[in-house]
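In what follows, a single structure is set out as structure tokens and then discussed.
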Amino acid sequence: MPLGENIIRVCRGTACHVKNSANILFALEAELGVMAGHTTRDKKFTLEVVNCIGACSIAPVILVNDDYHGRITVKDIPKILKKYQAVKKTETAEATK
Ligand code: FES
């Protein structure tokens with residue numbers, strides 16, 4: 001499977017599960033238009049599900065590339081995605097200078 005520029009890992013371990021990580025995953029799937037295990041058509045994001053990533057104290061947690069986003073709610077998701085879309089754009093702009 002080709003990977004996207006940004007890898008989003010949604011923790012579905014027990015601690016995150018009890019903090020509603022299922023809803024976080026559904027919201028990400030809806031927002032990105034892909035199911036877990038897939039990459040968006042524009043190759044920006046790959047969505048994966050993982051078990052405990054060792055940050056249970058800030059559950060529910062998603063890991064985007066190397067960044068932990070803890071205690072997130074469904075409402076935070078568009079903001080988080082935007083951040084990575086924006087970062088990548090700037091990098092590309094720099095690279096083509
Ligand atoms: S269960 Fe999600 S970080 Fe541990």
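Labels used: A, B, ... for chains in the order of the structure tokens, numbers from 1 for residues in each chain, and numbers from 1 for ligands as shown.
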
So which residues are near ligand 1, meaning at most 10 Å away with only C-alpha atoms and all ligand atoms counted, given back as a PDB file with N, CA and C atoms, in the first residue's frame?
```
ATOM      1  N   VAL A  10      -4.367   6.164  14.957  1.00  0.00           N
ATOM      2  CA  VAL A  10      -5.389   6.342  15.985  1.00  0.00           C
ATOM      3  C   VAL A  10      -5.244   5.216  16.994  1.00  0.00           C
ATOM      4  N   CYS A  11      -5.058   5.583  18.256  1.00  0.00           N
ATOM      5  CA  CYS A  11      -4.904   4.554  19.277  1.00  0.00           C
ATOM      6  C   CYS A  11      -6.259   3.967  19.624  1.00  0.00           C
ATOM      7  N   ARG A  12      -6.312   2.641  19.543  1.00  0.00           N
ATOM      8  CA  ARG A  12      -7.544   1.958  19.914  1.00  0.00           C
ATOM      9  C   ARG A  12      -7.288   1.023  21.097  1.00  0.00           C
ATOM     10  N   GLY A  13      -6.269   1.342  21.867  1.00  0.00           N
ATOM     11  CA  GLY A  13      -6.012   0.570  23.084  1.00  0.00           C
ATOM     12  C   GLY A  13      -7.117   0.808  24.098  1.00  0.00           C
ATOM     13  N   THR A  14      -7.064   0.087  25.200  1.00  0.00           N
ATOM     14  CA  THR A  14      -8.154   0.120  26.179  1.00  0.00           C
ATOM     15  C   THR A  14      -8.399   1.506  26.755  1.00  0.00           C
ATOM     16  N   ALA A  15      -7.330   2.175  27.198  1.00  0.00           N
ATOM     17  CA  ALA A  15      -7.508   3.480  27.840  1.00  0.00           C
ATOM     18  C   ALA A  15      -8.146   4.470  26.873  1.00  0.00           C
ATOM     19  N   CYS A  16      -7.725   4.428  25.629  1.00  0.00           N
ATOM     20  CA  CYS A  16      -8.292   5.338  24.635  1.00  0.00           C
ATOM     21  C   CYS A  16      -9.708   4.914  24.257  1.00  0.00           C
ATOM     22  N   HIS A  17      -9.925   3.613  24.230  1.00  0.00           N
ATOM     23  CA  HIS A  17     -11.257   3.112  23.898  1.00  0.00           C
ATOM     24  C   HIS A  17     -12.302   3.650  24.877  1.00  0.00           C
ATOM     25  N   VAL A  18     -11.986   3.596  26.168  1.00  0.00           N
ATOM     26  CA  VAL A  18     -12.965   4.074  27.148  1.00  0.00           C
ATOM     27  C   VAL A  18     -13.139   5.589  27.061  1.00  0.00           C
ATOM     28  N   LYS A  19     -12.211   6.259  26.419  1.00  0.00           N
ATOM     29  CA  LYS A  19     -12.347   7.713  26.226  1.00  0.00           C
ATOM     30  C   LYS A  19     -12.861   8.031  24.824  1.00  0.00           C
ATOM     31  N   SER A  21     -12.295   6.645  21.708  1.00  0.00           N
ATOM     32  CA  SER A  21     -11.451   6.711  20.512  1.00  0.00           C
ATOM     33  C   SER A  21     -12.175   6.212  19.271  1.00  0.00           C
ATOM     34  N   VAL A  50      -3.845   1.687  15.722  1.00  0.00           N
ATOM     35  CA  VAL A  50      -2.800   0.997  16.478  1.00  0.00           C
ATOM     36  C   VAL A  50      -3.319   0.681  17.881  1.00  0.00           C
ATOM     37  N   ASN A  51      -2.590  -0.194  18.554  1.00  0.00           N
ATOM     38  CA  ASN A  51      -2.906  -0.436  19.954  1.00  0.00           C
ATOM     39  C   ASN A  51      -2.103   0.536  20.786  1.00  0.00           C
ATOM     40  N   CYS A  52      -2.257   0.454  22.065  1.00  0.00           N
ATOM     41  CA  CYS A  52      -1.662   1.412  22.984  1.00  0.00           C
ATOM     42  C   CYS A  52      -0.307   1.951  22.513  1.00  0.00           C
ATOM     43  N   ILE A  53      -0.204   3.279  22.448  1.00  0.00           N
ATOM     44  CA  ILE A  53       1.058   3.907  22.054  1.00  0.00           C
ATOM     45  C   ILE A  53       1.745   4.535  23.260  1.00  0.00           C
ATOM     46  N   GLY A  54       1.373   4.073  24.443  1.00  0.00           N
ATOM     47  CA  GLY A  54       2.087   4.457  25.658  1.00  0.00           C
ATOM     48  C   GLY A  54       1.791   5.845  26.174  1.00  0.00           C
ATOM     49  N   ALA A  55       0.700   6.431  25.746  1.00  0.00           N
ATOM     50  CA  ALA A  55       0.365   7.773  26.211  1.00  0.00           C
ATOM     51  C   ALA A  55      -1.032   7.773  26.827  1.00  0.00           C
ATOM     52  N   CYS A  56      -1.354   6.695  27.518  1.00  0.00           N
ATOM     53  CA  CYS A  56      -2.708   6.504  28.061  1.00  0.00           C
ATOM     54  C   CYS A  56      -3.161   7.660  28.944  1.00  0.00           C
ATOM     55  N   SER A  57      -2.208   8.336  29.606  1.00  0.00           N
ATOM     56  CA  SER A  57      -2.596   9.406  30.521  1.00  0.00           C
ATOM     57  C   SER A  57      -3.231  10.577  29.781  1.00  0.00           C
ATOM     58  N   ILE A  58      -3.001  10.660  28.469  1.00  0.00           N
ATOM     59  CA  ILE A  58      -3.620  11.751  27.712  1.00  0.00           C
ATOM     60  C   ILE A  58      -4.647  11.202  26.716  1.00  0.00           C
ATOM     61  N   ALA A  59      -5.210  10.048  27.028  1.00  0.00           N
ATOM     62  CA  ALA A  59      -6.212   9.425  26.147  1.00  0.00           C
ATOM     63  C   ALA A  59      -7.428  10.346  25.965  1.00  0.00           C
ATOM     64  N   PRO A  60      -8.056  10.326  24.811  1.00  0.00           N
ATOM     65  CA  PRO A  60      -7.706   9.553  23.635  1.00  0.00           C
ATOM     66  C   PRO A  60      -6.586  10.226  22.833  1.00  0.00           C
ATOM     67  N   VAL A  61      -5.738   9.414  22.267  1.00  0.00           N
ATOM     68  CA  VAL A  61      -4.536   9.916  21.609  1.00  0.00           C
ATOM     69  C   VAL A  61      -4.503   9.531  20.133  1.00  0.00           C
ATOM     70  N   ILE A  62      -4.074  10.478  19.321  1.00  0.00           N
ATOM     71  CA  ILE A  62      -3.675  10.102  17.966  1.00  0.00           C
ATOM     72  C   ILE A  62      -2.238  10.566  17.769  1.00  0.00           C
ATOM     73  N   LEU A  63      -1.543   9.830  16.926  1.00  0.00           N
ATOM     74  CA  LEU A  63      -0.164  10.149  16.628  1.00  0.00           C
ATOM     75  C   LEU A  63      -0.130  10.536  15.156  1.00  0.00           C
ATOM     76  N   TYR A  68       2.305  13.577  19.151  1.00  0.00           N
ATOM     77  CA  TYR A  68       1.174  13.052  19.912  1.00  0.00           C
ATOM     78  C   TYR A  68       0.141  14.150  20.086  1.00  0.00           C
ATOM     79  N   GLY A  70      -3.080  14.547  22.330  1.00  0.00           N
ATOM     80  CA  GLY A  70      -3.826  13.880  23.380  1.00  0.00           C
ATOM     81  C   GLY A  70      -5.061  14.636  23.792  1.00  0.00           C
TER      82      GLY A  70
END
```

Practice task
Extract the full set of strand (DSSP E) residues from segment 1-37 of chain A according to DSSP on the backbone, and format it as a VMD selection string.
Solution key: chain A and resid 6 to 11

Handout entry: segment 26-42 of chain A surroundings by only C-alpha atoms, 7 Å radius, close-in-sequence under 3 positions cut, as a list in words
Key = Leu3, Gly4, Ala22, Asn23, Phe45, Thr46, Leu47, Glu48, Val49, Val74 and Ile77 of chain A

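The space separating atom CA of Lys82 of chain A from atom CA of Pro2 of chain A comes to 21.5 Å.
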
Completion exercise
Correct to one decimal, the distance atom CA of Thr73 of chain A-atom CA of Asn6 of chain A is 19.9 Å

Problem - Pairwise distance for atom CA of Ile80 of chain A and atom CA of Asn20 of chain A, rounded to one decimal in Å - result: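 Interatomic distance, atom CA of Ile80 of chain A to atom CA of Asn20 of chain A: 17.6 Å.
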